[in-house]
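A quick write-up on the structure given underneath.
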Amino acid sequence: MRYITPEEEDNMDAESLAKKMIEESDLPKEFPYKTIEEIHDAVKNKLLNIRAHYNYEKLKEYGNKAEIKSHNFWMFVPFIIALTLIILSLYLSNYYLLFGILFSIAGFFLSSPYIKSRELLYVVSFGLFVYFIYKSNLVGYTLSGSFLFSLWATMTARGIFEQAMIRVAMTSTIAFNFFLRSETIIVYDKQADKFY
């Protein structure tokens with residue numbers, strides 16, 4: 001499922017090009033829903049699950065200003081954490097706090113939805129953060145907090161991106177088809193146990 005390239009378009013005659021454009025304007029033949037209303041109902045009834053591949057360029061192209069700004073804010077949080085840790089470690093002369101930068105980077109990268117255990121990591125880091133606060137262990141809650149808040153912020157940013165792409169895809173059958181064919185979104189049909 002892909003759109004024709006400009007090179008392919010140049011090599012096609014008018015009739016072939018027209019047929020190809022008509023074919024690409026419709027949802028894939030094997031896709032069980034044909035209108036955006038049917039897709040809305042399927043999502044509402046949890047028959048379809050829609051996810052989006054993270055791509056910041058797509059957010060800049062299709063997201064609104066609020067989505068872009070909030071996404072950028074949350075993506076910047078791990079860097080704020082790293083800068084804060086540098087200042088705090090110099091001020092307190094406790095250089096163990098600099099390890100928090102590594103934990104912040106780990107939280108940033110482990111926020112990917114392709115990592116199955118990210119929710120477990122979130123719960124464990126939250127538990128450790130609370131435990132170290134209870135024990136008044138500065139290094140412990142700084143390190144666990146660096147990981148926790150970096151993971152949380154980046155997961156939030158990815159969620160904003162995904163919701164923006166789904167919002168745009170669900171505006172019309174044409175938008176849904178374009179996002180599906182360009183692999184911006186992935187659709188899982190629970191009844192057929194099939195990905196599109």
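Following the order of the structure tokens, chains are lettered A, B, ..., residues in each are numbered from 1, and ligands are numbered from 1.
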Self-check item: All strand (DSSP E or B) positions in region 31-195 of chain A, as a list in words
Solution: Leu48, Asn49, Ile50, Arg51, Ala52, Ile185, Ile186, Val187, Tyr188, Asp189, Lys194 and Phe195 of chain A
Would you mind listing what lies within 8 Å of region 120-136 of chain A as a short mmCIF file (atom, residue, chain, number, x, y, z; two decimals) with C-alpha atoms, in the first residue's frame, with only C-alpha atoms counted and same-chain residues fewer than 2 positions away left out?
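Below you can see around_27.cif, which holds the result:
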```cif
data_model
loop_
_atom_site.label_atom_id
_atom_site.label_comp_id
_atom_site.auth_asym_id
_atom_site.auth_seq_id
_atom_site.Cartn_x
_atom_site.Cartn_y
_atom_site.Cartn_z
CA SER A 117 7.72 -2.90 29.76
CA ARG A 118 7.62 0.91 29.83
CA LEU A 138 18.72 12.69 48.33
CA GLY A 140 18.11 7.93 45.63
CA TYR A 141 15.11 10.14 44.97
CA THR A 142 17.08 12.40 42.62
CA SER A 144 14.82 7.70 40.49
CA GLY A 145 13.02 11.01 39.99
CA PHE A 147 14.25 8.61 35.34
CA LEU A 148 10.59 8.85 36.38
CA LEU A 151 9.97 8.90 31.19
CA TRP A 152 6.66 10.50 32.14
#
```
Which residues in chain A does DSSP call alpha helix (DSSP H)? List them as a short mmCIF file (atom, residue, chain, number, x, y, z; two decimals) with C-alpha atoms, in the first residue's frame.
```
data_model
loop_
_atom_site.label_atom_id
_atom_site.label_comp_id
_atom_site.auth_asym_id
_atom_site.auth_seq_id
_atom_site.Cartn_x
_atom_site.Cartn_y
_atom_site.Cartn_z
CA PRO A 6 6.47 11.26 -9.36
CA GLU A 7 8.78 9.08 -11.48
CA GLU A 8 6.10 6.40 -11.84
CA GLU A 9 3.54 9.10 -12.65
CA ASP A 10 5.74 10.41 -15.49
CA ALA A 14 -3.42 9.09 -18.71
CA GLU A 15 -5.78 6.11 -18.39
CA SER A 16 -3.42 4.12 -16.14
CA LEU A 17 -2.75 7.19 -14.04
CA ALA A 18 -6.49 7.85 -13.60
CA LYS A 19 -7.13 4.22 -12.57
CA LYS A 20 -4.24 4.34 -10.08
CA MET A 21 -5.45 7.62 -8.57
CA ILE A 22 -8.99 6.25 -8.14
CA GLU A 23 -7.60 3.11 -6.53
CA GLU A 24 -5.46 5.15 -4.13
CA SER A 25 -8.33 7.44 -3.14
CA ILE A 36 -15.52 7.52 8.44
CA GLU A 37 -18.76 7.02 10.40
CA GLU A 38 -18.24 3.24 10.36
CA ILE A 39 -14.65 3.75 11.50
CA HIS A 40 -15.82 6.06 14.32
CA ASP A 41 -18.33 3.44 15.47
CA ALA A 42 -15.72 0.66 15.31
CA VAL A 43 -13.28 2.70 17.41
CA LYS A 44 -16.05 3.59 19.88
CA TYR A 56 7.86 14.96 14.65
CA GLU A 57 7.73 16.22 11.05
CA LYS A 58 4.16 14.88 10.77
CA LEU A 59 3.20 16.76 13.94
CA LYS A 60 4.61 20.00 12.53
CA GLU A 61 2.67 19.41 9.33
CA TYR A 62 -0.70 18.30 10.73
CA LYS A 65 -0.21 25.15 17.52
CA ALA A 66 -1.29 23.97 20.98
CA GLU A 67 -0.36 20.36 20.21
CA ILE A 68 3.04 21.36 18.82
CA LYS A 69 3.86 23.67 21.73
CA SER A 70 2.75 21.23 24.42
CA HIS A 71 4.61 18.38 22.68
CA ASN A 72 7.80 20.49 22.53
CA PHE A 73 7.48 21.47 26.19
CA TRP A 74 7.20 17.86 27.34
CA MET A 75 10.06 16.75 25.08
CA PHE A 76 12.23 19.48 26.59
CA VAL A 77 11.66 18.34 30.21
CA PRO A 78 14.50 15.72 30.18
CA PHE A 79 16.94 18.49 29.19
CA ILE A 80 15.62 20.72 31.98
CA ILE A 81 16.17 17.81 34.39
CA ALA A 82 19.76 17.35 33.17
CA LEU A 83 20.53 21.07 33.52
CA THR A 84 18.97 21.15 37.00
CA LEU A 85 21.07 18.15 38.05
CA ILE A 86 24.28 19.84 36.92
CA ILE A 87 23.46 22.99 38.88
CA LEU A 88 22.31 21.02 41.93
CA SER A 89 25.38 18.76 41.99
CA LEU A 90 27.72 21.77 41.78
CA TYR A 91 25.78 23.68 44.45
CA LEU A 92 25.68 20.72 46.87
CA PHE A 99 24.35 10.06 37.38
CA GLY A 100 20.81 11.41 37.21
CA ILE A 101 21.65 12.71 33.72
CA LEU A 102 22.14 9.10 32.58
CA PHE A 103 18.85 8.14 34.24
CA SER A 104 17.12 11.06 32.52
CA ILE A 105 18.49 9.97 29.13
CA ALA A 106 17.39 6.39 29.83
CA GLY A 107 13.88 7.60 30.68
CA PHE A 108 13.82 9.58 27.45
CA PHE A 109 14.71 6.58 25.28
CA ARG A 118 7.62 0.91 29.83
CA GLU A 119 4.52 0.97 32.06
CA LEU A 120 6.24 -1.42 34.48
CA LEU A 121 9.34 0.79 34.47
CA TYR A 122 7.11 3.76 35.22
CA VAL A 123 5.49 2.03 38.21
CA VAL A 124 8.81 0.75 39.58
CA SER A 125 10.51 4.15 39.25
CA PHE A 126 7.53 5.83 40.93
CA GLY A 127 7.72 3.32 43.79
CA LEU A 128 11.47 3.91 44.19
CA PHE A 129 10.97 7.67 44.09
CA VAL A 130 8.39 7.52 46.89
CA TYR A 131 10.55 5.06 48.89
CA PHE A 132 13.64 7.30 48.69
CA ILE A 133 11.63 10.38 49.65
CA TYR A 134 10.34 8.44 52.68
CA LEU A 138 18.72 12.69 48.33
CA VAL A 139 20.73 10.71 45.79
CA GLY A 140 18.11 7.93 45.63
CA TYR A 141 15.11 10.14 44.97
CA THR A 142 17.08 12.40 42.62
CA LEU A 143 18.20 9.46 40.47
CA SER A 144 14.82 7.70 40.49
CA GLY A 145 13.02 11.01 39.99
CA SER A 146 15.25 11.86 37.01
CA PHE A 147 14.25 8.61 35.34
CA LEU A 148 10.59 8.85 36.38
CA PHE A 149 9.95 12.43 35.27
CA SER A 150 11.91 12.06 32.05
CA LEU A 151 9.97 8.90 31.19
CA TRP A 152 6.66 10.50 32.14
CA ALA A 153 7.31 13.71 30.18
CA THR A 154 8.41 11.90 27.04
CA MET A 155 5.48 9.46 27.22
CA THR A 156 3.19 12.48 27.52
CA ALA A 157 4.76 14.09 24.45
CA ARG A 158 4.39 10.88 22.45
CA GLY A 159 0.76 10.66 23.57
CA ILE A 160 0.11 14.22 22.37
CA PHE A 161 1.60 13.31 18.99
CA GLU A 162 -0.48 10.15 18.70
CA GLN A 163 -3.72 11.88 19.65
CA ALA A 164 -3.02 14.66 17.13
CA MET A 165 -2.48 12.16 14.31
CA ILE A 166 -5.59 10.17 15.23
CA ARG A 167 -7.64 13.38 15.49
CA VAL A 168 -6.62 14.43 11.99
CA ALA A 169 -7.05 10.92 10.54
CA THR A 173 -12.34 9.05 5.00
CA ILE A 174 -9.81 10.75 2.73
CA ALA A 175 -7.59 11.80 5.66
CA PHE A 176 -7.91 8.36 7.27
CA ASN A 177 -7.01 6.65 4.00
CA PHE A 178 -4.03 8.97 3.44
CA PHE A 179 -2.68 8.41 6.96
CA LEU A 180 -3.24 4.65 6.67
CA ARG A 181 -1.57 4.34 3.27
#
```
